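Here is the file entry-v9.tsv (TSV, C-alpha atoms).
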chain	number	residue	atom	x	y	z
Q	1	MET	CA	155.38	55.41	139.55
Q	2	ASN	CA	151.80	54.16	139.67
Q	3	LEU	CA	150.22	57.60	139.49
Q	4	PRO	CA	150.22	58.11	135.69
Q	5	ALA	CA	148.68	54.70	135.16
Q	6	THR	CA	145.89	55.58	137.62
Q	7	ARG	CA	145.14	59.01	136.16
Q	8	SER	CA	144.81	57.85	132.60
Q	9	PRO	CA	141.74	55.59	133.09
Q	10	ARG	CA	140.08	58.31	135.18
Q	11	ARG	CA	140.49	60.74	132.33
Q	12	ALA	CA	139.00	58.16	130.00
Q	13	ALA	CA	136.03	57.64	132.35
Q	14	LEU	CA	135.43	61.36	132.63
Q	15	ALA	CA	135.56	61.74	128.87
Q	16	THR	CA	133.00	58.97	128.52
Q	17	SER	CA	130.61	60.58	130.95
Q	18	VAL	CA	130.89	63.98	129.33
Q	19	ALA	CA	130.25	62.48	125.93
Q	20	ALA	CA	127.21	60.70	127.32
Q	21	VAL	CA	125.81	63.89	128.83
Q	22	LEU	CA	126.28	65.72	125.56
Q	23	ALA	CA	124.52	62.94	123.75
Q	24	LEU	CA	121.61	63.33	126.15
Q	25	ALA	CA	121.40	67.03	125.66
Q	26	TYR	CA	121.49	66.84	121.89
Q	27	PRO	CA	119.77	63.68	120.74
Q	28	GLY	CA	120.60	62.88	117.16
Q	29	HIS	CA	116.99	62.80	115.96
Q	30	ALA	CA	115.71	66.11	117.36
Q	31	GLY	CA	113.15	67.41	114.92
Q	32	ALA	CA	111.17	70.51	114.29
Q	33	TRP	CA	107.85	71.11	112.70
Q	34	ILE	CA	108.18	73.46	109.81
Q	35	LEU	CA	105.51	75.69	108.37
Q	36	THR	CA	106.22	77.53	105.15
Q	37	GLY	CA	104.46	80.82	104.52
Q	38	LEU	CA	103.80	81.57	100.87
Q	39	GLY	CA	103.00	84.96	99.45
Q	40	THR	CA	103.34	84.21	95.78
Q	41	ASN	CA	99.58	84.08	95.24
Q	42	ASN	CA	98.98	87.10	97.39
Q	43	PRO	CA	101.03	89.81	95.76
Q	44	ALA	CA	101.05	93.56	96.25
Q	45	ARG	CA	97.80	95.02	95.02
Q	46	VAL	CA	96.18	98.28	94.11
Q	47	PHE	CA	92.52	99.19	93.92
Q	48	MET	CA	90.86	102.29	92.56
Q	49	MET	CA	87.27	103.25	91.98
Q	50	VAL	CA	85.68	106.40	90.57
Q	51	GLY	CA	81.91	106.67	90.65
Q	52	ASN	CA	80.01	103.40	90.44
Q	53	GLY	CA	82.14	100.36	90.78
Q	54	ALA	CA	82.76	97.10	92.47
Q	55	ALA	CA	80.65	95.79	95.29
Q	56	ALA	CA	83.84	95.26	97.27
Q	57	VAL	CA	87.43	96.35	97.09
Q	58	TRP	CA	89.86	94.43	94.93
Q	59	GLN	CA	87.12	93.55	92.44
Q	60	ASN	CA	87.04	94.81	88.88
Q	61	ASN	CA	84.29	96.94	87.37
Q	62	ALA	CA	84.33	98.70	84.01
Q	63	THR	CA	81.66	101.32	84.68
Q	64	VAL	CA	82.33	104.82	83.31
Q	65	ASN	CA	80.20	107.55	84.85
Q	66	THR	CA	79.27	110.89	83.33
Q	67	VAL	CA	79.43	114.25	85.03
Q	68	SER	CA	77.31	116.82	83.23
Q	69	LEU	CA	75.67	120.21	83.25
Q	70	SER	CA	73.12	121.98	81.06
Q	71	VAL	CA	73.84	125.69	81.22
Q	72	PRO	CA	70.63	127.73	81.25
Q	73	ALA	CA	70.60	130.41	78.56
Q	74	ALA	CA	70.25	133.12	81.17
Q	75	GLN	CA	73.40	131.98	82.93
Q	76	LEU	CA	75.76	131.71	79.99
Q	77	GLY	CA	79.13	133.04	81.07
Q	78	THR	CA	77.88	134.30	84.39
Q	79	GLY	CA	80.07	132.27	86.71
Q	80	ALA	CA	80.51	128.87	88.32
Q	81	LEU	CA	77.76	126.28	88.22
Q	82	GLN	CA	77.70	122.98	90.01
Q	83	MET	CA	77.63	119.86	87.89
Q	84	THR	CA	75.88	116.61	88.60
Q	85	SER	CA	76.55	112.98	87.71
Q	86	ASP	CA	74.92	109.67	86.91
Q	87	SER	CA	76.78	108.03	89.78
Q	88	THR	CA	74.74	106.26	92.44
Q	89	GLN	CA	77.73	105.25	94.53
Q	90	ALA	CA	77.15	106.38	98.10
Q	91	ARG	CA	78.93	103.63	100.02
Q	92	SER	CA	82.56	102.81	100.37
Q	93	PRO	CA	83.32	99.50	98.67
Q	94	TYR	CA	85.67	98.77	101.53
Q	95	ASP	CA	83.24	98.59	104.42
Q	96	GLN	CA	79.93	99.76	102.94
Q	97	PHE	CA	80.05	102.89	105.05
Q	98	THR	CA	78.07	105.75	103.50
Q	99	VAL	CA	80.63	108.24	102.28
Q	100	CYS	CA	79.06	110.21	99.43
Q	101	ALA	CA	75.76	111.84	98.49
Q	102	PRO	CA	75.25	111.07	94.80
Q	103	PRO	CA	74.49	112.23	92.21
Q	104	ALA	CA	76.12	115.55	93.06
Q	105	GLN	CA	79.07	113.79	94.66
Q	106	VAL	CA	81.22	111.25	92.85
Q	107	TYR	CA	82.99	108.65	94.95
Q	108	VAL	CA	86.78	108.38	94.42
Q	109	GLY	CA	88.76	105.79	96.33
Q	110	ALA	CA	92.18	104.19	96.05
Q	111	ALA	CA	94.04	101.60	98.09
Q	112	TYR	CA	97.46	100.01	98.02
Q	113	GLN	CA	98.90	97.09	99.93
Q	114	ARG	CA	102.38	95.84	99.39
Q	115	ARG	CA	103.57	92.37	100.26
Q	116	LEU	CA	107.25	92.92	100.87
Q	117	SER	CA	109.31	95.57	102.53
Q	118	THR	CA	111.31	95.91	99.35
Q	119	GLN	CA	108.29	97.13	97.42
Q	120	ALA	CA	107.39	100.79	96.93
Q	121	ALA	CA	106.11	102.72	99.92
Q	122	ASN	CA	103.54	104.61	97.88
Q	123	ALA	CA	101.29	104.17	94.90
Q	124	MET	CA	100.51	107.27	92.87
Q	125	LEU	CA	97.02	108.48	92.07
Q	126	GLN	CA	96.88	110.57	88.92
Q	127	VAL	CA	94.29	111.87	86.52
Q	128	THR	CA	94.73	112.43	82.82
Q	129	ALA	CA	92.48	114.86	81.01
Q	130	PRO	CA	92.28	116.24	77.46
Q	131	ALA	CA	93.12	119.89	76.96
Q	132	ASN	CA	89.57	120.74	76.00
Q	133	LEU	CA	86.00	119.58	75.95
Q	134	VAL	CA	84.85	119.38	72.35
Q	135	ASN	CA	81.43	119.63	70.68
Q	136	PRO	CA	80.57	117.98	67.33
Q	137	ALA	CA	81.25	121.23	65.52
Q	138	GLY	CA	84.76	121.31	66.92
Q	139	ASP	CA	84.20	124.14	69.35
Q	140	LEU	CA	86.29	123.93	72.48
Q	141	ILE	CA	85.97	124.63	76.18
Q	142	PRO	CA	89.25	124.44	78.10
Q	143	ILE	CA	89.20	121.53	80.52
Q	144	SER	CA	90.57	123.89	83.14
Q	145	GLU	CA	87.01	125.25	83.39
Q	146	ILE	CA	86.18	122.06	85.29
Q	147	SER	CA	87.23	121.89	88.93
Q	148	TRP	CA	86.19	119.88	91.94
Q	149	THR	CA	85.84	120.21	95.67
Q	150	VAL	CA	86.12	117.29	98.05
Q	151	SER	CA	84.30	116.12	101.14
Q	152	ALA	CA	83.29	112.95	102.94
Q	153	LEU	CA	80.39	112.03	105.14
Q	154	GLY	CA	80.30	110.21	108.41
Q	155	GLY	CA	82.96	112.04	110.36
Q	156	ASP	CA	85.72	110.90	108.04
Q	157	ALA	CA	88.99	111.75	109.76
Q	158	ASN	CA	90.62	112.77	106.52
Q	159	PRO	CA	87.97	114.14	104.15
Q	160	THR	CA	90.60	115.81	101.97
Q	161	ALA	CA	92.63	112.64	101.52
Q	162	ILE	CA	92.36	113.18	97.78
Q	163	PRO	CA	92.75	116.92	97.29
Q	164	ALA	CA	90.49	119.35	95.51
Q	165	GLY	CA	91.71	120.80	92.24
Q	166	ALA	CA	91.04	121.59	88.63
Q	167	PHE	CA	91.85	119.67	85.50
Q	168	LEU	CA	94.91	121.05	83.77
Q	169	GLY	CA	94.98	119.00	80.59
Q	170	GLY	CA	97.48	116.19	80.47
Q	171	THR	CA	98.42	113.98	83.40
Q	172	GLN	CA	98.41	115.52	86.83
Q	173	PHE	CA	99.34	114.14	90.21
Q	174	LEU	CA	96.58	113.93	92.80
Q	175	THR	CA	98.08	112.20	95.83
Q	176	ASN	CA	100.25	109.38	97.06
Q	177	ILE	CA	98.53	106.35	98.52
Q	178	ALA	CA	100.79	105.07	101.27
Q	179	GLN	CA	101.13	101.32	101.44
Q	180	GLY	CA	98.59	99.75	103.72
Q	181	THR	CA	96.06	102.54	103.37
Q	182	MET	CA	92.92	103.41	101.53
Q	183	ARG	CA	92.12	106.99	100.57
Q	184	GLU	CA	88.62	107.93	99.60
Q	185	ASN	CA	86.34	110.93	99.43
Q	186	CYS	CA	83.71	112.51	97.26
Q	187	HIS	CA	84.25	114.94	94.42
Q	188	THR	CA	81.77	117.64	93.51
Q	189	PHE	CA	82.49	119.08	90.08
Q	190	ARG	CA	81.99	122.64	88.99
Q	191	PHE	CA	82.02	124.37	85.63
Q	192	ALA	CA	83.67	127.78	85.82
Q	193	ASN	CA	81.39	129.17	83.08
Q	194	THR	CA	83.64	132.13	82.40
Q	195	ALA	CA	82.53	132.84	78.82
Q	196	ILE	CA	79.67	132.43	76.40
Q	197	ARG	CA	80.26	129.36	74.23
Q	198	ALA	CA	78.75	128.09	71.01
Q	199	SER	CA	75.81	125.79	71.60
Q	200	GLY	CA	76.27	122.06	71.58
Q	201	ILE	CA	77.23	119.12	73.75
Q	202	TYR	CA	80.86	119.29	74.76
Q	203	ARG	CA	82.50	116.09	75.79
Q	204	GLY	CA	85.76	114.91	77.18
Q	205	THR	CA	86.97	111.89	79.08
Q	206	VAL	CA	89.22	112.02	82.08
Q	207	THR	CA	90.98	108.89	83.27
Q	208	TYR	CA	92.13	108.22	86.80
Q	209	THR	CA	95.05	105.88	87.31
Q	210	LEU	CA	96.67	104.37	90.37
Q	211	THR	CA	100.21	103.24	89.76
Q	212	MET	CA	102.52	101.19	91.93
Q	213	PRO	CA	106.05	102.00	90.77
M	1	MET	CA	138.07	45.73	139.66
M	2	ARG	CA	139.39	49.14	138.74
M	3	ALA	CA	137.48	49.10	135.43
M	4	ARG	CA	134.26	48.20	137.30
M	5	THR	CA	134.83	51.15	139.63
M	6	LEU	CA	135.35	53.50	136.72
M	7	ILE	CA	132.22	52.30	134.93
M	8	ALA	CA	130.27	52.82	138.14
M	9	LEU	CA	131.75	56.30	138.43
M	10	ALA	CA	130.75	57.07	134.86
M	11	GLY	CA	127.27	55.77	135.57
M	12	ALA	CA	127.06	57.95	138.65
M	13	LEU	CA	128.14	61.00	136.68
M	14	LEU	CA	125.50	60.25	134.06
M	15	ALA	CA	122.82	59.88	136.66
M	16	TRP	CA	123.86	63.09	138.32
M	17	GLU	CA	123.93	64.96	135.02
M	18	ALA	CA	120.67	63.61	133.68
M	19	GLY	CA	118.64	63.19	136.78
M	20	VAL	CA	119.70	65.75	139.34
M	21	GLN	CA	121.01	68.85	137.65
M	22	ALA	CA	118.48	71.14	135.96
M	23	ALA	CA	119.05	71.08	132.25
M	24	THR	CA	117.43	71.88	128.93
M	25	TYR	CA	117.04	69.22	126.28
M	26	ARG	CA	115.89	69.61	122.73
M	27	LEU	CA	113.17	67.09	122.06
M	28	ASP	CA	112.58	64.94	119.04
M	29	ASP	CA	109.26	65.79	117.39
M	30	SER	CA	110.15	64.53	113.95
M	31	ALA	CA	106.91	62.53	113.93
M	32	SER	CA	104.88	65.75	113.97
M	33	GLN	CA	102.79	66.63	110.92
M	34	VAL	CA	101.88	70.06	109.60
M	35	ILE	CA	98.67	70.33	107.58
M	36	PRO	CA	99.14	71.89	105.10
M	37	PRO	CA	102.92	72.17	105.16
M	38	ASN	CA	102.66	75.24	102.93
M	39	ALA	CA	100.09	77.92	103.70
M	40	GLN	CA	99.23	81.15	101.97
M	41	TRP	CA	99.59	84.47	103.70
M	42	GLU	CA	96.28	86.31	103.61
M	43	TRP	CA	95.64	89.96	104.27
M	44	ALA	CA	93.83	90.67	107.51
M	45	SER	CA	90.44	92.22	106.99
M	46	GLY	CA	90.02	95.80	108.06
M	47	SER	CA	93.69	96.61	107.81
M	48	LEU	CA	93.30	99.43	105.30
M	49	ARG	CA	91.33	101.66	107.62
M	50	THR	CA	93.91	101.40	110.36
M	51	GLY	CA	96.96	101.52	108.14
M	52	THR	CA	98.25	98.21	109.47
M	53	ASN	CA	99.69	95.60	107.17
M	54	THR	CA	98.89	92.40	108.97
M	55	VAL	CA	98.92	89.11	107.12
M	56	HIS	CA	97.84	85.78	108.55
M	57	LEU	CA	98.26	82.15	107.74
M	58	ASN	CA	96.60	79.18	109.36
M	59	ALA	CA	97.64	75.57	109.74
M	60	ARG	CA	96.98	72.51	111.87
M	61	VAL	CA	99.79	70.63	113.49
M	62	ILE	CA	99.68	67.12	114.88
M	63	VAL	CA	102.41	67.33	117.48
M	64	ARG	CA	104.14	64.11	118.45
M	65	ILE	CA	107.01	64.60	120.85
M	66	ASP	CA	109.26	61.69	121.73
M	67	THR	CA	109.39	61.78	125.54
M	68	ARG	CA	110.27	58.16	126.28
M	69	GLN	CA	113.49	59.22	127.96
M	70	TRP	CA	111.60	61.36	130.47
M	71	ALA	CA	108.39	59.36	130.92
M	72	GLY	CA	107.31	59.54	134.54
M	73	GLN	CA	109.66	62.40	135.34
M	74	ALA	CA	108.73	65.95	136.12
M	75	GLY	CA	109.55	68.54	133.52
M	76	ARG	CA	108.49	71.59	131.62
M	77	ILE	CA	108.20	71.56	127.86
M	78	TYR	CA	108.47	74.73	125.83
M	79	MET	CA	107.69	75.42	122.21
M	80	VAL	CA	110.40	77.49	120.53
M	81	LEU	CA	110.29	79.62	117.41
M	82	PRO	CA	113.77	80.89	116.56
M	83	VAL	CA	114.27	84.36	115.13
M	84	ASP	CA	114.19	84.37	111.37
M	85	ALA	CA	115.91	86.92	109.18
M	86	GLY	CA	112.76	87.17	107.10
M	87	GLY	CA	110.78	89.17	109.63
M	88	ARG	CA	109.20	88.71	113.01
M	89	VAL	CA	105.99	86.74	113.33
M	90	THR	CA	103.50	86.06	116.08
M	91	ALA	CA	102.35	82.48	116.57
M	92	GLN	CA	99.08	81.78	118.35
M	93	TRP	CA	97.71	78.30	118.89
M	94	GLU	CA	94.86	76.37	120.39
M	95	SER	CA	95.24	72.78	121.50
M	96	GLU	CA	93.04	69.84	122.33
M	97	GLY	CA	94.11	69.90	125.94
M	98	ARG	CA	97.33	68.01	126.35
M	99	LEU	CA	99.46	71.04	125.50
M	100	ILE	CA	98.80	74.54	126.81
M	101	PRO	CA	97.42	77.00	124.27
M	102	GLY	CA	99.38	80.19	123.93
M	103	ARG	CA	101.03	82.88	121.93
M	104	MET	CA	104.60	83.93	121.26
M	105	LEU	CA	106.80	86.04	119.05
M	106	SER	CA	109.62	84.59	117.02
M	107	GLY	CA	112.70	84.51	119.20
M	108	GLU	CA	110.71	83.40	122.23
M	109	ARG	CA	109.83	80.11	123.83
M	110	THR	CA	106.55	79.46	125.59
M	111	LEU	CA	105.48	76.83	128.10
M	112	VAL	CA	103.22	74.18	126.57
M	113	PHE	CA	103.47	71.44	129.22
M	114	SER	CA	104.29	71.32	132.89
M	115	GLY	CA	104.14	68.30	135.17
M	116	THR	CA	104.98	64.66	135.02
M	117	VAL	CA	105.71	63.50	131.51
M	118	PRO	CA	102.89	61.03	130.96
M	119	GLY	CA	104.43	58.53	128.57
M	120	PRO	CA	106.75	57.84	125.69
M	121	VAL	CA	104.94	60.17	123.32
M	122	LEU	CA	103.31	63.50	124.06
M	123	GLU	CA	100.72	64.12	121.39
M	124	ASP	CA	98.23	66.90	120.70
M	125	ARG	CA	96.64	68.73	117.80
M	126	LEU	CA	97.31	72.43	117.48
M	127	THR	CA	95.43	74.99	115.44
M	128	VAL	CA	98.09	77.54	114.64
M	129	ARG	CA	97.77	81.06	113.30
M	130	LEU	CA	100.83	83.03	112.30
M	131	SER	CA	100.58	86.80	111.99
M	132	ALA	CA	103.14	89.13	110.53
M	133	ASP	CA	103.52	92.69	109.42
M	134	ALA	CA	103.78	92.47	105.67
M	135	ARG	CA	106.19	95.39	105.66
M	136	THR	CA	108.76	93.23	107.42
M	137	LEU	CA	108.50	90.25	105.10
M	138	VAL	CA	111.45	90.22	102.76
M	139	SER	CA	110.67	87.20	100.62
M	140	ASP	CA	107.62	85.46	99.24
M	141	THR	CA	108.55	82.14	100.80
M	142	GLN	CA	109.55	81.88	104.40
M	143	ARG	CA	110.04	78.79	106.59
M	144	PHE	CA	109.21	78.78	110.26
M	145	ALA	CA	110.83	75.92	112.16
M	146	PHE	CA	109.30	75.32	115.57
M	147	HIS	CA	110.81	72.87	118.03
M	148	PHE	CA	110.35	71.77	121.60
M	149	GLU	CA	112.64	71.89	124.62
M	150	LEU	CA	112.36	70.13	127.96
M	151	ASP	CA	113.56	71.72	131.16
M	152	THR	CA	114.17	69.32	133.99
M	153	PRO	CA	113.91	70.61	137.55
Now, as a test, write the supplied structure out as structure tokens.
Amino acid sequence: MNLPATRSPRRAALATSVAAVLALAYPGHAGAWILTGLGTNNPARVFMMVGNGAAAVWQNNATVNTVSLSVPAAQLGTGALQMTSDSTQARSPYDQFTVCAPPAQVYVGAAYQRRLSTQAANAMLQVTAPANLVNPAGDLIPISEISWTVSALGGDANPTAIPAGAFLGGTQFLTNIAQGTMRENCHTFRFANTAIRASGIYRGTVTYTLTMP
Amino acid sequence: MRARTLIALAGALLAWEAGVQAATYRLDDSASQVIPPNAQWEWASGSLRTGTNTVHLNARVIVRIDTRQWAGQAGRIYMVLPVDAGGRVTAQWESEGRLIPGRMLSGERTLVFSGTVPGPVLEDRLTVRLSADARTLVSDTQRFAFHFELDTP
């Protein structure tokens, strides 16, 4: 008859000790130091440069370079001639490595970094060109007469990162710039010179764009 | 008489639990300070050439761990960074000597002190750098809550 009375206080004592051990293991004031990482001032970014430009990536520069050619009278319509430029940009704005040999070569570079995994995997490099070059008299040369080859100095592992091509008139796709990468090389322009044209200075402006969708 | 015996038994159980059996205790470091508490992620230089997407942020932490309960006892203290849904980060820190400098990934715990707990408060200043792959970050604001644990022998 005494057993139940004896067991009950033991249970109570055991419960007390367990509660005390738990309280030791999980003190009520355990803290943590908290560091909050902010990316709101460091968003996804794109950078593009054609010809002369910024001293370093991610900086803005409004320079517009000219690629030109004076066709000698004896060579009118006789086949492709290399063009030259007023660009002096030899070094990559990213690391100042010498990439191009101006003025024959025009530097083209594009970079994209995204901040979040939900952002686009690629930015798109495009070029938009008019259908024709035009002289003051209104004579036309199809823009498709202008093409370019690509190269890069210094043992670049991917000298054709931005592909060679010819202007088509309108907007044309050049390449995707994968997030976290920079693509750059040097473009050497050529005039196809397939026909004899009226004299004059023919002009046209092509615009390169890098777009993050 | 019986009550005194039971209290003694409870005391003995406490002593056995707290003093003899190896155990892990979360420590109170609520007096710690993070400077600044909010830090900007910055792109790592050189990442474009390699195609990596590393971002860093730096902060200083004045660590103050309440160790009064274990002062004079042997123990090992670990710093813990729980896994966060927002992406895995690497924490690297230097100290002024009281805590062990080191490096860990989120989800890990790393030894920062081993020996006899010297007093009621274990204090040090850490220079902390967090690194993450930006491709794994899913939000612009992410909290990283570090804490400390003590293992008794």
>> One decimal, in Å: what's the spacing between CA of Asp28 in chain M and CA of Asp140 in chain M?
In response: 28.9 Å
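Picture a line from CA of Ile77 in chain M to CA of Leu111 in chain M; it runs 5.9 Å.
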> At most 7 Å from (85.3, 106.0, 91.5), file frame, only C-alpha atoms: which residues, as number ranges by chain?
Replying inline: Q: 48-53, 106-109
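The two atoms in question, CA of Ala31 in chain M and CA of Ala132 in chain M, are spaced 27.1 Å apart.
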>> Which residues are near Arg114 in chain Q? Cut-off 7 Å, only C-alpha atoms, ignore same chain within fewer than 2 positions. Put them as a list of chain:residue names.
In response: Q:Ala44, Q:Arg45, Q:Tyr112, Q:Leu116, Q:Gln119, Q:Gln179, Q:Gly180
Let me see the file: selected residues, C-alpha atoms, as an mmCIF file, in the coordinates of the input.
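Result file is again18.cif:
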data_model
loop_
_atom_site.group_PDB
_atom_site.id
_atom_site.type_symbol
_atom_site.label_atom_id
_atom_site.label_comp_id
_atom_site.auth_asym_id
_atom_site.auth_seq_id
_atom_site.Cartn_x
_atom_site.Cartn_y
_atom_site.Cartn_z
ATOM 1 C CA ALA Q 44 101.050 93.560 96.250
ATOM 2 C CA ARG Q 45 97.800 95.020 95.020
ATOM 3 C CA TYR Q 112 97.460 100.010 98.020
ATOM 4 C CA LEU Q 116 107.250 92.920 100.870
ATOM 5 C CA GLN Q 119 108.290 97.130 97.420
ATOM 6 C CA GLN Q 179 101.130 101.320 101.440
ATOM 7 C CA GLY Q 180 98.590 99.750 103.720
#
>> Excluding Ile196 in chain Q and its own-chain neighbours fewer than 6 positions away, which residues fall within 9 Å of it when counting only C-alpha atoms? Please give them as an MDAnalysis selection string.
In response: chainID Q and resid 76:78
>> Ranking Q:Leu168, Q:Ile177, Q:Leu140, Q:Met83 by minimum distance to chain M and counting all atoms listed in the file, which one comes first?
In response: Q:Ile177
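Residues within 10 Å of Ser30 in chain M, counting only C-alpha atoms and excluding same-chain residues fewer than 4 positions away, are His29, Ala30, Gly31, Ala32 and Trp33 of chain Q; Val63, Arg64, Ile65, Asp66 and His147 of chain M.
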Deliver the residues from the most recent selection as a file, using C-alpha atoms, as an mmCIF file, in the frame of the given file.
data_model
loop_
_atom_site.group_PDB
_atom_site.id
_atom_site.type_symbol
_atom_site.label_atom_id
_atom_site.label_comp_id
_atom_site.auth_asym_id
_atom_site.auth_seq_id
_atom_site.Cartn_x
_atom_site.Cartn_y
_atom_site.Cartn_z
ATOM 1 C CA HIS Q 29 116.990 62.800 115.960
ATOM 2 C CA ALA Q 30 115.710 66.110 117.360
ATOM 3 C CA GLY Q 31 113.150 67.410 114.920
ATOM 4 C CA ALA Q 32 111.170 70.510 114.290
ATOM 5 C CA TRP Q 33 107.850 71.110 112.700
ATOM 6 C CA VAL M 63 102.410 67.330 117.480
ATOM 7 C CA ARG M 64 104.140 64.110 118.450
ATOM 8 C CA ILE M 65 107.010 64.600 120.850
ATOM 9 C CA ASP M 66 109.260 61.690 121.730
ATOM 10 C CA HIS M 147 110.810 72.870 118.030
#
>> I'd like the contact shell of range 82-84 of chain M - 10 Å cut-off, all atoms listed in the file, skipping same-chain residues fewer than 6 positions apart - returned as a ChimeraX atom specification.
In response: /M:105-109,142-147
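Considering the residues Q:Asn65, Q:Thr118, Q:Gln105, Q:Asn176 and counting only C-alpha atoms, chain M has its shortest atom-to-atom contact with Q:Thr118.
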>> Between Q:Pro103, Q:Pro93, Q:Gly204, Q:Pro163, which residue has the minimum interatomic distance to Pro142 in chain Q, considering all atoms listed in the file?
In response: Q:Gly204
>> Give me the residues near range 125-127 of chain M as a PyMOL selection string, where near means some atom within 8 Å (using all atoms listed in the file) and where sequence neighbours in that chain fewer than 6 positions away do not count.
In response: chain M and resi 58-63+93-96
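Distance annotation: of Q:Thr98, Q:Ser151, Q:Gln172, Q:Gln113, the residue with the minimal separation from Val55 in chain M is Q:Gln113; atom set is only C-alpha atoms.
Remark: for chain M, the closest of the candidate residues Q:Ala161, Q:Ala121, Q:Val64, Q:Ala195 is Q:Ala121 (distances computed over all atoms listed in the file).
Minimum distance to chain M across Q:Ile34, Q:Ala152, Q:Leu125, Q:Val99 (counting all atoms listed in the file) occurs at Q:Ile34.
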